[in-house]
Amino acid sequence: MANEVEVNTTYAFVSDDGTAYSENHTYFSDANTTASRARRLGFIATTSGPTVLAFSTTPSYTTQLRGPCLLLVVNRDTRADMFLTLDGALGARSQRNLKAGEWLFLDVTDLDNTAYASPITYAAQSLIALTVTSENSDAKGEYLCIYKAAS
Amino acid sequence: MPVLTIYKTVTYADPDSLTPYTMTATKTLNVETAQRTRYTLSSGSNTQILSNGYPGLTTANPLYTAIKNVGSGSAYILFDDGTSVFSHEIPAGAIFDFYGEDIWGTGGGDTFNAIHAKGNTELEVDVFM
């Protein structure tokens, strides 16, 4: 298998008037053999909002390498919502609510509002932390994070 | 009521160890209607690709949204809840999908009212309500 990440999203729905909306969307993220440093982990979200995934500029056994990453976070808990906070290196923040079974997917985790203002010249902020809060003290979640040297 | 079932699979194998890192998730939703729209974007001016809160076939209370970049350049999308914004990049060929409308606040109180996009590319947007 080539050193690449395959992403598949499939859904199908037929409306009451018979119109079908379906998709089997597969693509290879970063197909230029640059994906590496995969991390997959089950985590426990609590009311205190622990940092479940941290990033650093130097390789470490406790942190993911800071830079463009593919990220899939799933709420595996059937009881509880999860509240995700993604913090960028320069203060940008993106937050998301996940109900049971729902996921957050980002092909590339860089975030910065200036991307929209100046899409050609913006300076992407690398993700530095993912924190997850739950109203339960032991809500189960899972993530897969893969570093991409170029995106 | 029609049912929407969504499957997400990310597959990767470490090139040194060949260890697989496949992760899957599945979600089923009861939905009533949907819409599919295609947009040609510009890098110089914004394009509103989603407007939340309007009854009828214009999106209101979306349960699942999939934004596919079907062009050759990156797209940059911006979520706006009226007071706060954030944006993400969708590389060419990639998909960005999300659930619900309370996408901004950790307390679940905020909802986005619009999504805008820029970039020299095309987007196809599926919204299920």
# chains A, B, ... in the order shown; residues from 1 in each chain; ligands from 1
>>> interface_residues(of="chain A", to="chain B", cutoff="7 Å", atoms="only C-alpha atoms", output="ChimeraX atom specification")
/A:3-15,27,36,40,83,94-97,101-102,104-108,111-113,115-116,119
>>> write_last_selection(atoms="N, CA, C and O atoms", output="short mmCIF file (atom, residue, chain, number, x, y, z; two decimals), in the first residue's frame")
data_model
loop_
_atom_site.label_atom_id
_atom_site.label_comp_id
_atom_site.auth_asym_id
_atom_site.auth_seq_id
_atom_site.Cartn_x
_atom_site.Cartn_y
_atom_site.Cartn_z
N ASN A 3 2.07 5.07 0.67
CA ASN A 3 2.04 5.87 1.88
C ASN A 3 1.07 7.02 1.71
O ASN A 3 1.46 8.17 1.47
N GLU A 4 -0.19 6.72 1.78
CA GLU A 4 -1.20 7.74 1.58
C GLU A 4 -2.41 7.42 2.45
O GLU A 4 -2.55 6.30 2.95
N VAL A 5 -3.25 8.38 2.60
CA VAL A 5 -4.43 8.23 3.44
C VAL A 5 -5.67 8.19 2.55
O VAL A 5 -5.88 9.10 1.74
N GLU A 6 -6.44 7.14 2.69
CA GLU A 6 -7.67 7.02 1.91
C GLU A 6 -8.85 7.43 2.79
O GLU A 6 -9.00 6.92 3.91
N VAL A 7 -9.66 8.32 2.29
CA VAL A 7 -10.82 8.81 3.03
C VAL A 7 -12.09 8.49 2.23
O VAL A 7 -12.21 8.90 1.07
N ASN A 8 -12.98 7.77 2.85
CA ASN A 8 -14.24 7.43 2.20
C ASN A 8 -15.41 7.93 3.02
O ASN A 8 -15.48 7.72 4.23
N THR A 9 -16.32 8.62 2.36
CA THR A 9 -17.57 9.07 2.97
C THR A 9 -18.72 8.59 2.11
O THR A 9 -18.74 8.85 0.90
N THR A 10 -19.65 7.87 2.71
CA THR A 10 -20.77 7.31 1.97
C THR A 10 -22.08 7.66 2.65
O THR A 10 -22.19 7.53 3.88
N TYR A 11 -23.04 8.12 1.88
CA TYR A 11 -24.36 8.35 2.44
C TYR A 11 -25.40 8.26 1.33
O TYR A 11 -25.09 8.48 0.15
N ALA A 12 -26.60 7.93 1.71
CA ALA A 12 -27.68 7.79 0.74
C ALA A 12 -29.00 8.15 1.39
O ALA A 12 -29.24 7.83 2.56
N PHE A 13 -29.85 8.80 0.62
CA PHE A 13 -31.13 9.26 1.15
C PHE A 13 -32.08 9.47 -0.03
O PHE A 13 -31.69 9.97 -1.08
N VAL A 14 -33.31 9.04 0.12
CA VAL A 14 -34.33 9.27 -0.90
C VAL A 14 -35.44 10.09 -0.26
O VAL A 14 -36.04 9.67 0.74
N SER A 15 -35.71 11.24 -0.81
CA SER A 15 -36.73 12.12 -0.22
C SER A 15 -38.13 11.62 -0.56
O SER A 15 -38.31 10.70 -1.36
N TYR A 27 -11.27 9.77 -1.67
CA TYR A 27 -10.11 10.47 -2.20
C TYR A 27 -8.90 10.10 -1.37
O TYR A 27 -9.01 9.54 -0.28
N SER A 36 2.54 10.59 7.64
CA SER A 36 3.37 9.85 8.60
C SER A 36 2.82 10.09 10.00
O SER A 36 1.88 10.85 10.20
N ARG A 40 -3.56 6.87 16.83
CA ARG A 40 -4.96 6.52 17.07
C ARG A 40 -5.12 6.20 18.54
O ARG A 40 -4.34 5.41 19.09
N PHE A 83 -17.99 18.30 23.66
CA PHE A 83 -17.73 19.66 23.21
C PHE A 83 -16.23 19.76 22.92
O PHE A 83 -15.41 19.69 23.83
N SER A 94 -11.53 27.02 17.20
CA SER A 94 -12.71 26.47 16.53
C SER A 94 -13.34 25.46 17.47
O SER A 94 -12.63 24.63 18.05
N GLN A 95 -14.65 25.54 17.63
CA GLN A 95 -15.31 24.67 18.60
C GLN A 95 -16.47 23.93 17.94
O GLN A 95 -17.10 24.43 17.01
N ARG A 96 -16.76 22.77 18.45
CA ARG A 96 -17.74 21.92 17.81
C ARG A 96 -18.44 21.06 18.85
O ARG A 96 -17.82 20.62 19.82
N ASN A 97 -19.71 20.82 18.64
CA ASN A 97 -20.46 19.90 19.49
C ASN A 97 -20.67 18.59 18.74
O ASN A 97 -21.03 18.60 17.57
N GLY A 101 -22.10 9.29 18.46
CA GLY A 101 -21.81 8.72 17.16
C GLY A 101 -21.36 9.70 16.11
O GLY A 101 -20.96 9.30 15.01
N GLU A 102 -21.42 10.99 16.41
CA GLU A 102 -21.03 11.99 15.42
C GLU A 102 -19.53 12.18 15.43
O GLU A 102 -18.84 11.83 16.37
N LEU A 104 -15.99 14.72 14.05
CA LEU A 104 -15.33 15.89 13.46
C LEU A 104 -14.29 15.36 12.50
O LEU A 104 -13.48 14.52 12.87
N PHE A 105 -14.31 15.86 11.26
CA PHE A 105 -13.29 15.46 10.30
C PHE A 105 -12.69 16.69 9.67
O PHE A 105 -13.40 17.55 9.15
N LEU A 106 -11.36 16.77 9.71
CA LEU A 106 -10.64 17.84 9.03
C LEU A 106 -9.53 17.21 8.21
O LEU A 106 -8.68 16.49 8.75
N ASP A 107 -9.55 17.45 6.91
CA ASP A 107 -8.46 16.93 6.08
C ASP A 107 -7.15 17.59 6.45
O ASP A 107 -6.10 16.97 6.41
N VAL A 108 -7.23 18.87 6.77
CA VAL A 108 -6.04 19.57 7.25
C VAL A 108 -6.47 20.44 8.42
O VAL A 108 -7.47 21.14 8.36
N LEU A 111 -5.86 26.25 10.98
CA LEU A 111 -7.03 27.11 11.09
C LEU A 111 -6.60 28.55 11.29
O LEU A 111 -5.58 28.83 11.91
N ASP A 112 -7.33 29.45 10.73
CA ASP A 112 -7.07 30.87 10.88
C ASP A 112 -8.12 31.61 10.09
O ASP A 112 -8.35 31.31 8.92
N ASN A 113 -8.73 32.59 10.70
CA ASN A 113 -9.78 33.32 10.00
C ASN A 113 -9.25 34.11 8.81
O ASN A 113 -9.99 34.43 7.90
N ALA A 115 -7.54 33.04 6.56
CA ALA A 115 -7.61 32.20 5.37
C ALA A 115 -8.75 32.65 4.48
O ALA A 115 -8.65 32.61 3.27
N TYR A 116 -9.80 33.08 5.13
CA TYR A 116 -10.95 33.52 4.35
C TYR A 116 -10.74 34.92 3.80
O TYR A 116 -11.06 35.21 2.65
N PRO A 119 -7.23 34.32 1.01
CA PRO A 119 -6.97 32.89 0.82
C PRO A 119 -5.66 32.58 0.11
O PRO A 119 -5.15 31.47 0.23
#
>>> residues_around(residues="A:Thr133", least_positions_apart="6", cutoff="6 Å", atoms="only C-alpha atoms", output="list in words")
Ala45, Thr46, Thr47, Gly49, Met82 and Phe83 of chain A
>>> atom_distance(atom1="atom CA of A:Tyr21", atom2="atom CA of B:Ser72")
23.5 Å
>>> closest_residue(among="B:Leu123, B:Leu29, B:Leu63, B:Val70", to="B:Leu41", atoms="only C-alpha atoms")
B:Leu123
>>> atom_distance(atom1="atom CA of A:Pro50", atom2="atom CA of A:Val73")
14.5 Å
>>> select_by_dssp(residues="chain B", states="strand (DSSP E or B)", output="PDB file with C-alpha atoms, in the first residue's frame")
ATOM      1  CA  VAL B   3     -33.389   7.690   6.954  1.00  0.00           C
ATOM      2  CA  LEU B   4     -29.919   8.952   6.192  1.00  0.00           C
ATOM      3  CA  THR B   5     -27.025   6.681   7.093  1.00  0.00           C
ATOM      4  CA  ILE B   6     -23.543   8.084   6.859  1.00  0.00           C
ATOM      5  CA  TYR B   7     -20.336   6.050   6.860  1.00  0.00           C
ATOM      6  CA  LYS B   8     -16.885   7.526   7.323  1.00  0.00           C
ATOM      7  CA  THR B   9     -13.704   5.500   6.915  1.00  0.00           C
ATOM      8  CA  VAL B  10     -10.114   6.697   7.044  1.00  0.00           C
ATOM      9  CA  THR B  11      -7.526   4.120   5.998  1.00  0.00           C
ATOM     10  CA  ALA B  13      -0.915   1.996   6.862  1.00  0.00           C
ATOM     11  CA  PRO B  20      -2.969  -0.341   9.751  1.00  0.00           C
ATOM     12  CA  MET B  23     -10.885   4.077  11.725  1.00  0.00           C
ATOM     13  CA  THR B  24     -14.569   3.979  10.912  1.00  0.00           C
ATOM     14  CA  ALA B  25     -17.715   5.662  12.162  1.00  0.00           C
ATOM     15  CA  THR B  26     -21.393   5.364  11.286  1.00  0.00           C
ATOM     16  CA  LYS B  27     -24.316   7.636  12.061  1.00  0.00           C
ATOM     17  CA  THR B  28     -28.008   7.281  11.253  1.00  0.00           C
ATOM     18  CA  LEU B  29     -30.365  10.250  11.156  1.00  0.00           C
ATOM     19  CA  ASN B  30     -34.048  10.749  10.513  1.00  0.00           C
ATOM     20  CA  ALA B  34     -32.279  17.667   1.447  1.00  0.00           C
ATOM     21  CA  GLN B  35     -30.715  19.955  -1.067  1.00  0.00           C
ATOM     22  CA  ARG B  36     -27.708  19.714  -3.347  1.00  0.00           C
ATOM     23  CA  THR B  37     -26.074  22.793  -4.787  1.00  0.00           C
ATOM     24  CA  ARG B  38     -22.914  23.429  -6.773  1.00  0.00           C
ATOM     25  CA  TYR B  39     -20.892  26.627  -6.556  1.00  0.00           C
ATOM     26  CA  THR B  40     -18.042  28.061  -8.573  1.00  0.00           C
ATOM     27  CA  THR B  47     -19.722  33.136  -2.088  1.00  0.00           C
ATOM     28  CA  GLN B  48     -22.428  32.260   0.391  1.00  0.00           C
ATOM     29  CA  ILE B  49     -22.888  28.515   0.169  1.00  0.00           C
ATOM     30  CA  LEU B  50     -25.232  27.980   3.099  1.00  0.00           C
ATOM     31  CA  SER B  51     -27.780  30.144   4.858  1.00  0.00           C
ATOM     32  CA  TYR B  64     -25.743  16.818   8.361  1.00  0.00           C
ATOM     33  CA  THR B  65     -23.799  18.810   5.798  1.00  0.00           C
ATOM     34  CA  ALA B  66     -21.160  17.570   3.366  1.00  0.00           C
ATOM     35  CA  ILE B  67     -19.073  20.103   1.460  1.00  0.00           C
ATOM     36  CA  LYS B  68     -17.033  18.519  -1.317  1.00  0.00           C
ATOM     37  CA  ASN B  69     -14.267  20.357  -3.113  1.00  0.00           C
ATOM     38  CA  ALA B  75     -11.331  26.175  -0.781  1.00  0.00           C
ATOM     39  CA  TYR B  76     -11.579  28.212   2.406  1.00  0.00           C
ATOM     40  CA  ILE B  77     -14.878  28.170   4.232  1.00  0.00           C
ATOM     41  CA  LEU B  78     -15.966  30.555   6.953  1.00  0.00           C
ATOM     42  CA  PHE B  79     -18.652  29.861   9.539  1.00  0.00           C
ATOM     43  CA  ASP B  80     -20.417  32.920  10.862  1.00  0.00           C
ATOM     44  CA  VAL B  85     -16.273  33.327  12.870  1.00  0.00           C
ATOM     45  CA  PHE B  86     -13.821  30.585  12.143  1.00  0.00           C
ATOM     46  CA  SER B  87     -12.572  29.049   8.954  1.00  0.00           C
ATOM     47  CA  HIS B  88     -11.074  25.868   7.603  1.00  0.00           C
ATOM     48  CA  GLU B  89      -9.337  24.812   4.449  1.00  0.00           C
ATOM     49  CA  ILE B  90     -10.759  22.130   2.186  1.00  0.00           C
ATOM     50  CA  ILE B  95     -14.571  16.650   1.824  1.00  0.00           C
ATOM     51  CA  PHE B  96     -15.610  18.582   4.936  1.00  0.00           C
ATOM     52  CA  ASP B  97     -18.650  17.222   6.695  1.00  0.00           C
ATOM     53  CA  PHE B  98     -20.256  18.168   9.976  1.00  0.00           C
ATOM     54  CA  TYR B  99     -23.359  17.633  12.075  1.00  0.00           C
ATOM     55  CA  ALA B 114     -24.199  31.393   7.162  1.00  0.00           C
ATOM     56  CA  ILE B 115     -21.227  29.709   5.583  1.00  0.00           C
ATOM     57  CA  HIS B 116     -19.140  31.550   3.011  1.00  0.00           C
ATOM     58  CA  ALA B 117     -16.382  30.260   0.778  1.00  0.00           C
ATOM     59  CA  LYS B 118     -13.479  31.514  -1.298  1.00  0.00           C
ATOM     60  CA  GLU B 122     -15.820  24.461  -7.175  1.00  0.00           C
ATOM     61  CA  LEU B 123     -17.847  23.106  -4.282  1.00  0.00           C
ATOM     62  CA  GLU B 124     -20.734  20.689  -4.177  1.00  0.00           C
ATOM     63  CA  VAL B 125     -22.795  21.047  -1.011  1.00  0.00           C
ATOM     64  CA  ASP B 126     -25.253  18.443   0.263  1.00  0.00           C
ATOM     65  CA  VAL B 127     -27.432  19.493   3.208  1.00  0.00           C
ATOM     66  CA  PHE B 128     -29.842  17.194   5.034  1.00  0.00           C
TER      67      PHE B 128
END
>>> select_by_dssp(residues="chain A", states="alpha helix (DSSP H)", output="PyMOL selection string")
chain A and resi 114-117
>>> write_last_selection(atoms="N, CA and C atoms", output="short mmCIF file (atom, residue, chain, number, x, y, z; two decimals), in the first residue's frame")
data_model
loop_
_atom_site.label_atom_id
_atom_site.label_comp_id
_atom_site.auth_asym_id
_atom_site.auth_seq_id
_atom_site.Cartn_x
_atom_site.Cartn_y
_atom_site.Cartn_z
N THR A 114 -7.94 34.45 8.81
CA THR A 114 -7.41 35.19 7.68
C THR A 114 -7.36 34.35 6.42
N ALA A 115 -7.54 33.04 6.56
CA ALA A 115 -7.61 32.20 5.37
C ALA A 115 -8.75 32.65 4.48
N TYR A 116 -9.80 33.08 5.13
CA TYR A 116 -10.95 33.52 4.35
C TYR A 116 -10.74 34.92 3.80
N ALA A 117 -10.13 35.78 4.61
CA ALA A 117 -9.92 37.15 4.16
C ALA A 117 -8.91 37.22 3.01
#
>>> atom_distance(atom1="atom CA of A:Ser56", atom2="atom CA of A:Asp81")
28.1 Å
>>> residues_around(residues="A:Thr62", least_positions_apart="5", cutoff="9 Å", atoms="only C-alpha atoms", output="list in words")
Leu53, Ala54 and Phe55 of chain A
